[in-house]
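data-v8.cif follows; it contains mmCIF, C-alpha atoms.
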data_coords
loop_
_atom_site.label_atom_id
_atom_site.label_comp_id
_atom_site.auth_asym_id
_atom_site.auth_seq_id
_atom_site.Cartn_x
_atom_site.Cartn_y
_atom_site.Cartn_z
CA MET E 162 0.00 0.00 0.00
CA THR E 163 1.13 3.57 -0.77
CA ARG E 164 2.34 5.44 2.30
CA PRO E 165 0.01 8.41 3.09
CA ALA E 166 1.60 11.70 2.11
CA TRP E 167 0.45 13.28 5.37
CA GLN E 168 2.75 10.97 7.35
CA ASP E 169 5.75 12.31 5.45
CA VAL E 170 5.08 15.88 6.59
CA PRO E 171 7.71 16.92 9.16
CA ARG E 172 6.39 16.93 12.69
CA SER E 173 7.37 20.57 13.15
CA LYS E 174 5.09 21.59 10.29
CA LEU E 175 2.24 19.47 11.63
CA ASP E 176 2.59 21.04 15.06
CA ARG E 177 2.66 24.52 13.52
CA PHE E 178 -0.39 23.73 11.37
CA GLU E 179 -2.34 22.48 14.41
CA GLU E 180 -1.24 25.45 16.52
CA ILE E 181 -2.50 28.01 14.00
CA ALA E 182 -5.70 26.12 13.23
CA ARG E 183 -6.58 25.66 16.92
CA SER E 184 -5.87 29.29 17.73
CA GLU E 185 -8.13 30.43 14.89
CA ALA E 186 -10.94 27.95 15.65
CA PRO E 187 -13.06 30.40 17.72
CA GLU E 188 -12.82 33.18 15.11
CA LEU E 189 -13.44 30.71 12.27
CA ALA E 190 -16.47 29.34 14.11
CA GLN E 191 -17.86 32.91 14.42
CA THR E 192 -17.30 33.46 10.68
CA ILE E 193 -19.09 30.22 9.84
CA LEU E 194 -21.99 31.02 12.16
CA PHE E 195 -22.33 34.48 10.61
CA GLN E 196 -22.46 32.95 7.14
CA ILE E 197 -25.03 30.39 8.30
CA ARG E 198 -27.25 33.18 9.64
CA GLN E 199 -26.92 35.01 6.33
CA GLU E 200 -27.92 32.01 4.25
CA TYR E 201 -30.49 30.56 6.71
CA PRO E 202 -32.14 33.59 8.39
CA TYR E 203 -35.13 31.52 9.51
CA LEU E 204 -32.93 29.15 11.54
CA HIS E 205 -33.71 29.15 15.27
CA LEU E 206 -30.47 28.89 17.26
CA VAL E 207 -30.73 27.37 20.72
CA GLU E 208 -28.50 28.88 23.38
CA ASP E 209 -26.73 27.23 26.28
CA GLU E 210 -26.88 28.40 29.91
CA SER E 211 -24.32 31.14 29.28
CA GLY E 212 -26.30 32.52 26.34
CA GLU E 213 -23.87 31.24 23.72
CA PRO E 214 -25.50 29.60 20.67
CA LEU E 215 -25.07 25.83 20.83
CA ALA E 216 -24.40 25.89 17.10
CA LEU E 217 -21.33 28.07 17.72
CA VAL E 218 -20.11 25.65 20.36
CA GLY E 219 -20.69 22.75 17.99
CA ILE E 220 -18.84 24.42 15.11
CA ARG E 221 -15.89 25.24 17.33
CA ARG E 222 -15.73 21.73 18.75
CA ALA E 223 -15.99 20.23 15.27
CA ILE E 224 -13.04 22.30 14.07
CA GLU E 225 -11.01 21.56 17.17
CA GLY E 226 -11.86 17.87 16.99
CA PHE E 227 -10.85 17.72 13.36
CA VAL E 228 -7.55 19.49 13.96
CA HIS E 229 -6.67 17.81 17.25
CA ASN E 230 -5.89 14.40 15.77
CA LEU E 231 -4.13 15.52 12.61
CA THR E 232 -0.67 15.05 14.01
CA GLY E 233 -1.43 11.33 14.31
CA GLY E 234 -2.94 10.94 10.82
CA VAL E 235 -5.69 12.32 8.60
CA HIS E 236 -8.56 10.30 10.04
CA PRO E 237 -9.81 12.42 12.97
CA ARG E 238 -12.57 11.07 15.17
CA VAL E 239 -16.00 12.67 15.20
CA PRO E 240 -17.23 14.08 18.55
CA PRO E 241 -20.59 12.27 18.72
CA GLU E 242 -22.64 13.70 21.56
CA MET E 243 -23.24 17.25 20.40
CA PHE E 244 -23.99 16.34 16.80
CA GLN E 245 -26.36 13.62 17.90
CA GLU E 246 -28.08 16.33 19.93
CA PHE E 247 -28.35 18.57 16.86
CA GLY E 248 -30.06 15.75 14.95
CA ARG E 249 -32.23 14.97 17.97
CA GLY E 250 -33.36 18.60 18.08
CA GLU E 251 -34.41 18.54 14.42
CA GLY E 252 -36.34 15.34 15.03
CA LEU E 253 -38.15 16.66 18.09
CA GLU E 254 -39.15 19.78 16.16
CA GLY E 255 -40.53 17.64 13.34
CA ARG E 256 -38.13 19.06 10.74
CA SER E 257 -36.09 17.15 8.18
CA LEU E 258 -32.31 16.88 8.23
CA ASP E 259 -31.92 18.64 4.88
CA ALA E 260 -31.16 22.08 6.32
CA LEU E 261 -28.80 20.64 8.93
CA GLN E 262 -26.81 18.73 6.32
CA ALA E 263 -26.61 21.84 4.15
CA ILE E 264 -25.24 23.77 7.14
CA TYR E 265 -22.64 21.06 7.75
CA ARG E 266 -21.51 21.25 4.12
CA LEU E 267 -21.25 25.04 4.36
CA GLY E 268 -19.16 24.74 7.53
CA VAL E 269 -16.81 22.15 6.01
CA ARG E 270 -16.38 24.26 2.87
CA LEU E 271 -15.45 27.40 4.82
CA THR E 272 -13.22 25.44 7.19
CA TRP E 273 -11.38 23.80 4.33
CA ARG E 274 -10.82 27.17 2.67
CA ARG E 275 -9.06 28.47 5.77
CA LEU E 276 -7.12 25.23 6.40
CA ALA E 277 -5.85 25.33 2.82
CA GLU E 278 -4.52 28.84 3.46
CA ILE E 279 -2.82 27.66 6.66
CA GLY E 280 -1.34 24.73 4.74
CA GLN E 281 0.25 27.10 2.25
CA GLN E 282 1.46 29.32 5.09
CA VAL E 283 3.17 26.36 6.80
CA ASP E 284 4.34 24.94 3.47
CA ILE E 285 2.61 21.56 3.69
CA PRO E 286 2.95 19.70 0.35
CA ALA E 287 -0.07 19.58 -1.98
CA PRO E 288 -0.48 15.75 -1.86
CA ALA E 289 -0.83 15.91 1.93
CA MET E 290 -3.38 18.71 1.64
CA TYR E 291 -5.35 16.64 -0.85
CA GLU E 292 -5.51 13.86 1.73
CA LEU E 293 -6.59 16.43 4.30
CA ALA E 294 -9.43 17.56 2.03
CA GLU E 295 -10.56 13.97 1.56
CA SER E 296 -10.53 13.39 5.30
CA GLY E 297 -12.60 16.57 5.72
CA PHE E 298 -15.39 15.11 3.65
CA GLN E 299 -15.13 11.84 5.57
CA TYR E 300 -15.41 13.91 8.73
CA LEU E 301 -18.54 15.54 7.30
CA ASP E 302 -20.03 12.09 6.70
CA GLY E 303 -19.31 11.26 10.34
CA LEU E 304 -21.05 14.41 11.57
CA VAL E 305 -24.09 13.61 9.44
CA GLU E 306 -24.09 10.00 10.65
CA GLN E 307 -24.16 11.11 14.28
CA SER E 308 -26.95 13.59 13.57
CA VAL E 309 -28.96 10.95 11.74
CA ARG E 310 -28.60 8.70 14.78
CA GLY E 311 -29.90 11.42 17.08
CA TYR E 312 -32.64 12.29 14.60
CA ALA E 313 -33.82 8.68 14.41
CA GLU E 314 -33.89 8.46 18.19
CA ALA E 315 -35.97 11.63 18.43
CA ALA E 316 -38.30 10.51 15.64
CA ALA E 317 -38.87 7.23 17.45
CA ARG E 318 -39.53 9.12 20.67
CA ARG E 319 -42.01 11.43 18.95
CA ALA E 320 -43.76 8.51 17.30
CA SER E 321 -43.95 6.67 20.62
CA GLU E 322 -45.33 9.74 22.36
CA ARG E 323 -47.89 10.32 19.63
CA LEU E 324 -49.03 6.69 19.84
CA ARG E 325 -49.39 7.05 23.60
CA LEU E 326 -51.48 10.21 23.24
CA GLN E 327 -53.50 8.65 20.45
CA ARG E 328 -54.21 5.58 22.59
CA GLN E 329 -55.41 7.82 25.41
CA LEU E 330 -57.67 9.71 23.00
CA ILE E 331 -59.16 6.48 21.66
CA GLU E 332 -59.82 5.19 25.17
CA LEU E 333 -61.59 8.43 26.02
CA LEU E 334 -63.61 8.34 22.81
CA LEU E 335 -64.81 4.81 23.47
CA MET E 336 -65.81 5.31 27.07
CA GLU E 337 -69.45 5.11 28.01
CA HIS E 338 -69.51 8.84 28.67
CA ARG E 339 -71.07 10.22 31.81
CA GLY E 340 -71.30 13.96 31.76
CA ASP E 341 -69.75 16.37 29.30
CA VAL E 342 -66.20 15.41 28.29
CA SER E 343 -66.16 17.38 25.05
CA MET E 344 -63.55 19.82 26.38
CA THR E 345 -61.26 16.96 27.46
CA LEU E 346 -61.72 15.30 24.08
CA ALA E 347 -60.91 18.52 22.27
CA GLU E 348 -57.73 18.99 24.32
CA ARG E 349 -56.58 15.41 23.75
CA ALA E 350 -57.35 15.60 20.04
CA ALA E 351 -55.48 18.90 19.68
CA ARG E 352 -52.35 17.35 21.17
CA ILE E 353 -52.04 15.00 18.20
CA GLY E 354 -53.46 17.42 15.64
CA TRP E 355 -56.71 15.47 15.19
CA GLU E 356 -59.86 17.43 14.42
CA LEU E 357 -62.95 16.20 16.26
CA PRO E 358 -65.52 14.93 13.73
CA GLU E 359 -69.29 15.20 13.88
CA THR E 360 -69.79 11.48 13.20
CA ILE E 361 -67.61 8.49 13.82
CA ALA E 362 -67.41 4.76 13.14
CA VAL E 363 -65.36 2.31 15.17
CA GLY E 364 -63.85 -0.88 13.81
CA VAL E 365 -62.38 -3.99 15.42
CA LEU E 366 -59.74 -6.00 13.55
CA MET E 367 -58.57 -9.58 13.86
CA ARG E 368 -54.83 -10.06 13.31
CA PRO E 369 -54.06 -12.34 10.34
CA ALA E 370 -50.80 -13.17 12.17
CA ARG E 371 -49.28 -12.29 15.53
CA GLU E 372 -46.62 -10.05 13.98
CA ALA E 373 -48.88 -8.58 11.30
CA VAL E 374 -47.81 -5.13 10.09
CA ALA E 375 -50.29 -2.40 10.95
CA PRO E 376 -52.50 -1.53 7.97
CA ALA E 377 -51.83 1.88 6.38
CA VAL E 378 -55.29 3.26 7.12
CA GLY E 379 -54.60 6.77 5.87
CA GLN E 380 -54.44 10.24 7.32
CA GLY E 381 -57.03 11.16 9.93
CA ILE E 382 -58.00 7.58 10.79
CA LEU E 383 -56.85 6.49 14.25
CA LEU E 384 -55.45 3.00 14.69
CA GLU E 385 -54.68 1.37 18.03
CA MET E 386 -52.55 -1.75 17.63
CA GLU E 387 -51.75 -2.47 21.29
CA SER E 388 -54.93 -4.43 21.95
CA GLU E 389 -55.27 -8.10 21.13
CA GLN E 390 -57.93 -6.99 18.67
CA PRO E 391 -56.74 -3.69 17.13
CA ARG E 392 -59.29 -0.89 17.02
CA VAL E 393 -59.72 1.68 14.31
CA VAL E 394 -61.55 5.00 14.66
CA ILE E 395 -62.89 6.50 11.43
CA PRO E 396 -63.89 10.18 11.53
CA ASN E 397 -66.76 11.27 9.29
CA PRO E 398 -66.97 7.80 7.67
CA GLU E 399 -69.26 9.06 4.89
CA THR E 400 -66.40 11.16 3.46
CA ALA E 401 -65.97 10.33 -0.22
CA GLY E 402 -63.30 7.71 -0.85
CA ARG E 403 -62.68 6.91 2.80
CA ALA E 404 -64.38 3.52 2.73
CA GLU E 405 -62.36 2.47 -0.33
CA ILE E 406 -59.07 3.57 1.25
CA LEU E 407 -59.89 1.57 4.35
CA ARG E 408 -60.89 -1.46 2.30
CA ARG E 409 -57.56 -1.48 0.48
CA ALA E 410 -55.57 -0.88 3.66
CA THR E 411 -57.19 -3.81 5.48
CA ALA E 412 -56.98 -6.31 2.62
CA GLY E 413 -56.27 -9.72 4.13
CA TRP E 414 -57.55 -8.73 7.56
CA SER E 415 -60.78 -9.89 9.16
CA GLY E 416 -62.94 -7.67 11.33
CA ALA E 417 -65.89 -5.33 11.39
CA ILE E 418 -66.69 -1.64 11.26
CA GLY E 419 -69.58 -0.42 13.37
CA PRO E 420 -72.29 1.96 12.17
CA SER E 421 -71.70 5.68 11.78
CA VAL E 422 -72.88 7.43 14.94
CA PRO E 423 -72.54 10.87 16.55
CA LEU E 424 -69.17 11.39 18.21
CA ALA E 425 -70.59 10.95 21.72
CA ALA E 426 -71.99 7.52 20.78
CA ALA E 427 -68.66 6.01 19.66
CA ALA E 428 -69.01 3.22 22.24
CA THR E 429 -72.22 2.12 20.53
CA SER E 430 -70.44 1.72 17.21
CA LEU E 431 -67.72 -0.26 18.99
CA ARG E 432 -70.27 -2.65 20.54
CA TRP E 433 -71.76 -3.52 17.16
CA ALA E 434 -68.29 -4.07 15.70
CA GLU E 435 -67.37 -6.37 18.61
CA THR E 436 -70.63 -8.28 18.20
CA THR E 437 -69.87 -8.81 14.53
CA VAL E 438 -66.35 -10.04 15.30
CA GLN E 439 -67.77 -12.60 17.73
CA LEU E 440 -70.01 -13.92 14.96
CA ILE E 441 -66.99 -14.13 12.63
CA LYS E 442 -65.10 -16.15 15.25
CA LYS E 443 -68.05 -18.55 15.53
CA GLY E 444 -68.01 -19.07 11.79
CA LEU E 445 -71.42 -17.44 11.33
CA LEU E 446 -70.00 -14.59 9.25
CA PRO E 447 -67.19 -14.78 6.66
CA GLN E 448 -63.53 -14.20 7.48
CA GLY E 449 -60.89 -12.61 5.26
CA GLU E 450 -62.55 -9.21 4.96
CA VAL E 451 -63.57 -6.30 7.14
CA LEU E 452 -67.36 -6.30 7.27
CA HIS E 453 -69.58 -3.25 7.62
CA CYS E 454 -72.26 -3.76 10.25
CA THR E 455 -74.84 -1.78 8.29
CA GLU E 456 -74.52 -4.33 5.49
CA ARG E 457 -75.17 -7.22 7.91
CA THR E 458 -78.27 -5.96 9.68
CA GLU E 459 -80.22 -9.22 9.46
CA GLU E 460 -77.37 -11.30 10.90
CA LEU E 461 -76.71 -8.83 13.70
CA LEU E 462 -80.34 -8.70 14.71
CA LEU E 463 -81.01 -12.42 14.60
CA LEU E 464 -77.79 -14.35 15.25
CA PRO E 465 -76.80 -12.92 18.66
CA ALA E 466 -80.25 -13.79 20.05
CA GLN E 467 -79.64 -17.54 19.78
CA GLU E 468 -81.35 -18.51 23.04
CA LEU E 469 -84.40 -16.38 22.22
CA ILE E 470 -84.58 -17.83 18.71
CA ASP E 471 -84.32 -21.40 20.03
CA ALA E 472 -87.09 -20.78 22.53
CA ALA E 473 -89.29 -19.14 19.91
CA ALA E 474 -88.57 -21.95 17.44
CA ARG E 475 -89.76 -24.58 19.92
CA ARG E 476 -93.04 -22.73 20.26
CA CYS E 477 -93.60 -21.49 16.68
CA LEU E 478 -92.54 -24.72 15.00
CA ALA E 479 -94.14 -27.08 17.51
CA PRO E 480 -96.55 -28.52 14.85
CA LEU E 481 -93.47 -30.12 13.19
CA ASP E 482 -92.46 -32.08 16.28
CA GLY E 483 -94.14 -35.32 15.24
CA LEU E 484 -92.45 -35.47 11.85
CA SER E 485 -89.12 -36.95 10.81
CA ALA E 486 -86.10 -34.67 10.57
CA THR E 487 -86.27 -34.66 6.76
CA GLN E 488 -90.01 -33.91 6.66
CA SER E 489 -89.64 -31.20 9.31
CA ARG E 490 -86.83 -29.47 7.42
CA ARG E 491 -88.68 -29.59 4.08
CA LEU E 492 -91.85 -28.10 5.52
CA ALA E 493 -89.87 -25.43 7.38
CA GLU E 494 -88.12 -24.45 4.13
CA THR E 495 -91.48 -24.36 2.34
CA LEU E 496 -93.07 -22.28 5.10
CA LEU E 497 -90.24 -19.75 4.90
CA ALA E 498 -90.45 -19.58 1.10
CA TRP E 499 -94.22 -19.06 1.33
CA ILE E 500 -93.91 -16.21 3.87
CA GLU E 501 -91.15 -14.56 1.82
CA THR E 502 -92.81 -15.05 -1.57
CA PRO E 503 -95.89 -13.14 -2.73
CA GLY E 504 -98.11 -15.52 -4.65
CA GLY E 505 -99.01 -19.21 -4.42
CA ALA E 506 -97.57 -22.63 -5.14
CA PRO E 507 -95.90 -21.78 -8.51
CA GLU E 508 -93.87 -18.95 -6.90
CA VAL E 509 -92.96 -21.10 -3.89
CA ALA E 510 -91.94 -23.96 -6.21
CA ALA E 511 -89.71 -21.63 -8.24
CA ARG E 512 -88.05 -20.36 -5.09
CA LEU E 513 -87.39 -23.86 -3.77
CA GLY E 514 -86.51 -25.41 -7.12
CA VAL E 515 -89.21 -28.09 -6.86
CA HIS E 516 -92.23 -29.07 -8.95
CA PRO E 517 -95.36 -26.91 -8.37
CA GLN E 518 -97.30 -30.00 -7.41
CA THR E 519 -94.74 -30.75 -4.70
CA ALA E 520 -95.10 -27.20 -3.42
CA ARG E 521 -98.92 -27.51 -3.35
CA TYR E 522 -98.68 -30.75 -1.38
CA ARG E 523 -96.37 -29.20 1.20
CA LEU E 524 -98.54 -26.09 1.52
CA ARG E 525 -101.58 -28.27 2.24
CA GLN E 526 -99.60 -30.04 4.95
CA ILE E 527 -98.69 -26.67 6.47
CA ARG E 528 -102.37 -25.65 6.48
CA GLU E 529 -103.30 -28.84 8.22
CA LEU E 530 -100.57 -28.52 10.85
CA TRP E 531 -101.03 -24.85 11.75
CA GLY E 532 -104.65 -24.23 10.86
CA GLU E 533 -105.90 -20.65 10.82
CA ALA E 534 -102.99 -19.47 12.99
CA ILE E 535 -100.80 -19.52 9.89
CA ASP E 536 -102.68 -16.48 8.54
CA GLU E 537 -102.23 -14.29 11.62
CA PRO E 538 -99.78 -11.42 10.78
CA ASP E 539 -97.98 -11.49 14.15
CA GLN E 540 -97.57 -15.25 13.94
CA ARG E 541 -96.18 -15.07 10.41
CA PHE E 542 -93.76 -12.29 11.35
CA GLU E 543 -92.41 -14.27 14.30
CA MET E 544 -92.01 -17.39 12.18
CA LEU E 545 -90.24 -15.32 9.53
CA MET E 546 -87.63 -14.17 12.07
CA VAL E 547 -87.20 -17.65 13.53
CA LEU E 548 -86.84 -19.37 10.17
CA ARG E 549 -84.44 -16.75 8.80
CA ALA E 550 -82.30 -17.07 11.91
CA LEU E 551 -82.20 -20.84 11.47
CA ARG E 552 -81.22 -20.38 7.84
CA LEU E 553 -78.44 -17.95 8.77
CA ARG E 554 -77.11 -20.44 11.31
CA GLY E 555 -77.06 -23.19 8.70
CA ASP E 556 -79.83 -25.17 10.44
CA LEU E 557 -82.14 -24.68 7.50
CA ALA E 558 -80.11 -25.34 4.36
CA PRO E 559 -82.09 -26.19 1.20
CA GLY E 560 -81.03 -29.22 -0.76
CA GLN E 561 -79.93 -31.38 2.19
CA ASP E 562 -81.99 -34.57 2.08
#
Target encoding structure tokens, full file:
Amino acid sequence: MTRPAWQDVPRSKLDRFEEIARSEAPELAQTILFQIRQEYPYLHLVEDESGEPLALVGIRRAIEGFVHNLTGGVHPRVPPEMFQEFGRGEGLEGRSLDALQAIYRLGVRLTWRRLAEIGQQVDIPAPAMYELAESGFQYLDGLVEQSVRGYAEAAARRASERLRLQRQLIELLLMEHRGDVSMTLAERAARIGWELPETIAVGVLMRPAREAVAPAVGQGILLEMESEQPRVVIPNPETAGRAEILRRATAGWSGAIGPSVPLAAAATSLRWAETTVQLIKKGLLPQGEVLHCTERTEELLLLPAQELIDAAARRCLAPLDGLSATQSRRLAETLLAWIETPGGAPEVAARLGVHPQTARYRLRQIRELWGEAIDEPDQRFEMLMVLRALRLRGDLAPGQD
């Protein structure tokens, strides 16, 4: 390997170079800070306890740190703490690192200009100065790396804090409110920049896998992933395009979204979503998609009331008790088709996929079993609910002989 030119510079010249550079570091730092203020007038400079801008301290330390190790080679170490703090400050303020990196480049350019002059003054050979310039840009990369580390730490802290505040807001939204908490809600929402909506819908998700990545639900929609069953809060769910965005984001997930309700009734929307999820878990509603409760009204009204339906079925369908299981099922299917179908035997036959004569025979049997009670509106309505519930549960499936 080629011996670095910097190592061939006489020690007396290196010492003289370092002496001049270190003595000029404070003045050079002031010059750099002045130029930064000229080019970035909007930049807010934080001061330390003595009133000195931290940026000035950082520039001076960067110069001194760069120069300090030159006598031992052209690979000076980066002072990490302060530059991590600069990056951390940008992250906590929610700014990008673009301006900070531009400032670093400006500082390195001005520093190199002065170091080049000192090199000529001390008579350091050009090849050694070229190596010094290269090390300066490596030093810049190190400063940026430390700032990126601090920035990432601050960004993670901000994200964690926002999630904590968001979780608190969601918990407050979903409480069974007693009294007026609108002011508290407004304060909590303001802390995460969330505008309180007039209406709201609450969803409950079922994880497709334990380590499933949170769905990208879009701006304005709150997602709480800490629970075993993640919850999603959708403001103004009728907003154009919002339902489609949510559908795409939750592709592959199972779950349910409750009805749109006024903000104060968010807990009601949550209850319907939780009820729907329970039916999904029991296999009574399909998995693999996020269902909307308002599109499953019949199932939500009839399926949760299983004990009531069973009790009503024993009473309403008592005339079928003496028949075989096959006969009982066929007549129950025919009775349901008759109640649901305006018209007579031909319409019932078409609905069931049987011959009209078969339908007429079954309808006569129904007349004989129930008598005049079959024509009473209240009786027919109750039987309609019972038979539809049985069909939804799979206990009344046509075509099973």
- Task: Find the residues near Arg274 of chain E: any atom within 12 Å, counting all atoms listed in the file, skip ones fewer than 2 places away on the same chain, and give them as a PyMOL selection string.
- Result: chain E and resi 182+189+193+267-272+276-281+290+293-294+297
Convert the current residue selection to file output with C-alpha atoms, as an mmCIF file, keeping the file's coordinate frame.
data_model
loop_
_atom_site.group_PDB
_atom_site.id
_atom_site.type_symbol
_atom_site.label_atom_id
_atom_site.label_comp_id
_atom_site.auth_asym_id
_atom_site.auth_seq_id
_atom_site.Cartn_x
_atom_site.Cartn_y
_atom_site.Cartn_z
ATOM 1 C CA ALA E 182 -5.700 26.120 13.230
ATOM 2 C CA LEU E 189 -13.440 30.710 12.270
ATOM 3 C CA ILE E 193 -19.090 30.220 9.840
ATOM 4 C CA LEU E 267 -21.250 25.040 4.360
ATOM 5 C CA GLY E 268 -19.160 24.740 7.530
ATOM 6 C CA VAL E 269 -16.810 22.150 6.010
ATOM 7 C CA ARG E 270 -16.380 24.260 2.870
ATOM 8 C CA LEU E 271 -15.450 27.400 4.820
ATOM 9 C CA THR E 272 -13.220 25.440 7.190
ATOM 10 C CA LEU E 276 -7.120 25.230 6.400
ATOM 11 C CA ALA E 277 -5.850 25.330 2.820
ATOM 12 C CA GLU E 278 -4.520 28.840 3.460
ATOM 13 C CA ILE E 279 -2.820 27.660 6.660
ATOM 14 C CA GLY E 280 -1.340 24.730 4.740
ATOM 15 C CA GLN E 281 0.250 27.100 2.250
ATOM 16 C CA MET E 290 -3.380 18.710 1.640
ATOM 17 C CA LEU E 293 -6.590 16.430 4.300
ATOM 18 C CA ALA E 294 -9.430 17.560 2.030
ATOM 19 C CA GLY E 297 -12.600 16.570 5.720
#
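Computed from the coordinates, the atom CA of Glu295 of chain E to atom CA of Gly252 of chain E distance equals 29.1 Å.
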- Please identify all polymer residues within 8 Å of Ser415 of chain E, counting all atoms listed in the file, omitting same-chain residues fewer than 3 positions from it, and present them as an MDAnalysis selection string. chainID E and resid 366:369 411 448:452
- From the set E:Glu225, E:Glu460, E:Glu251, E:Glu337, which residue has the shortest atom-to-atom contact distance to Thr429 of chain E, counting all atoms listed in the file? E:Glu337
- Option closest in space to Arg310 of chain E, from E:Gly248, E:Pro171, E:Pro286, E:Gly364 [counting all atoms listed in the file]: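 Under the stated criterion, the closest residue is E:Gly248.
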- Selection near segment 386-401 of chain E, 7 Å with only C-alpha atoms, sequence-local residues under 3 positions removed, as a list in words: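 Residues meeting the cut-off are Pro358, Glu359, Thr360, Ile361, Ala362, Val363, Gly364, Val365, Leu366, Met367, Arg368, Ile382, Leu383 and Ser421 of chain E.
Coordinates place atom CA of Leu431 of chain E at a distance of 5.9 Å from atom CA of Gly419 of chain E.
A straight line drawn from atom CA of Ala315 of chain E to atom CA of Gln191 of chain E is 28.2 Å long.
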- Message: To test your reading of the syntax: which residues would the PyMOL selection byres ((chain E and resi 490) around 12) return for the file shown? Reply as a list in words.
- Response: Leu478, Leu481, Asp482, Leu484, Ser485, Ala486, Thr487, Gln488, Ser489, Arg491, Leu492, Ala493, Glu494, Thr495, Leu496, Leu497, Arg523, Leu548, Leu551, Arg552, Gly555, Asp556, Leu557, Ala558, Pro559, Gly560, Gln561 and Asp562 of chain E
- Message: What's around Glu306 of chain E at 12 Å? Count only C-alpha atoms, leave out sequence neighbours fewer than 2 positions away in its own chain, and write the answer as a list of chain:residue names.
- Response: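 Answer for this query is E:Val239, E:Pro240, E:Pro241, E:Glu242, E:Phe244, E:Gln245, E:Glu246, E:Phe247, E:Gly248, E:Leu258, E:Leu261, E:Gln262, E:Tyr265, E:Gln299, E:Tyr300, E:Leu301, E:Asp302, E:Gly303, E:Leu304, E:Ser308, E:Val309, E:Arg310, E:Gly311, E:Tyr312, E:Ala313.
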- Query: Which residue gives the smallest distance to Gln518 of chain E among E:Arg371, E:Gly505, E:Gly219, E:Arg318, with all atoms listed in the file counted?
  - Reply: E:Gly505
- Please, which residues are within 9 Å of (-67.8, -4.4, 5.1) by the file's coordinates, counting only C-alpha atoms, and could they come as a ChimeraX atom specification? /E:404,408,416-418,450-457
Just write the chosen residues, C-alpha atoms, as a PDB file, keeping the file's coordinate frame.
ATOM      1  CA  ALA E 404     -64.380   3.520   2.730  1.00  0.00           C
ATOM      2  CA  ARG E 408     -60.890  -1.460   2.300  1.00  0.00           C
ATOM      3  CA  GLY E 416     -62.940  -7.670  11.330  1.00  0.00           C
ATOM      4  CA  ALA E 417     -65.890  -5.330  11.390  1.00  0.00           C
ATOM      5  CA  ILE E 418     -66.690  -1.640  11.260  1.00  0.00           C
ATOM      6  CA  GLU E 450     -62.550  -9.210   4.960  1.00  0.00           C
ATOM      7  CA  VAL E 451     -63.570  -6.300   7.140  1.00  0.00           C
ATOM      8  CA  LEU E 452     -67.360  -6.300   7.270  1.00  0.00           C
ATOM      9  CA  HIS E 453     -69.580  -3.250   7.620  1.00  0.00           C
ATOM     10  CA  CYS E 454     -72.260  -3.760  10.250  1.00  0.00           C
ATOM     11  CA  THR E 455     -74.840  -1.780   8.290  1.00  0.00           C
ATOM     12  CA  GLU E 456     -74.520  -4.330   5.490  1.00  0.00           C
ATOM     13  CA  ARG E 457     -75.170  -7.220   7.910  1.00  0.00           C
TER      14      ARG E 457
END
- So which residues are close to (-5.4, 24.9, 20.5), meaning at most 12 Å away in the file's coordinates with only C-alpha atoms counted, and can you show them as a list in words?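 Nearby residues: Asp176, Arg177, Phe178, Glu179, Glu180, Ile181, Ala182, Arg183, Ser184, Glu185, Ala186, Pro187, Arg221, Arg222, Ile224, Glu225, Gly226, Phe227, Val228, His229 and Asn230 of chain E.
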- Message: Since I can't run it myself right now, could you work out what the PyMOL selection byres ((chain E and resi 331) around 9) selects here and report it as an NGL selection string?
- Response: :E and (326-330 or 332-336 or 383-385 or 392-394)
- Residues selected by the PyMOL selection byres ((chain E and resi 521) around 9), written as a PyMOL selection string: chain E and resi 505-507+509-510+516-520+522-526
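Using all atoms listed in the file, the shortest contact distance between Leu446 of chain E and any of E:Arg172, E:Ser430, E:Ala216, E:Pro465 is found at E:Pro465.
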- Query: Within 8 Å of Leu464 of chain E, counting all atoms listed in the file, which residues qualify if same-chain residues fewer than 3 places away don't, as a PyMOL selection string?
  - Reply: chain E and resi 440+460-461+467+550+553-554
How would the residues just picked look written out with C-alpha atoms as a short mmCIF file (atom, residue, chain, number, x, y, z; two decimals), in the coordinates of the input?
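Result went into part.cif, see below:
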data_model
loop_
_atom_site.label_atom_id
_atom_site.label_comp_id
_atom_site.auth_asym_id
_atom_site.auth_seq_id
_atom_site.Cartn_x
_atom_site.Cartn_y
_atom_site.Cartn_z
CA LEU E 440 -70.01 -13.92 14.96
CA GLU E 460 -77.37 -11.30 10.90
CA LEU E 461 -76.71 -8.83 13.70
CA GLN E 467 -79.64 -17.54 19.78
CA ALA E 550 -82.30 -17.07 11.91
CA LEU E 553 -78.44 -17.95 8.77
CA ARG E 554 -77.11 -20.44 11.31
#
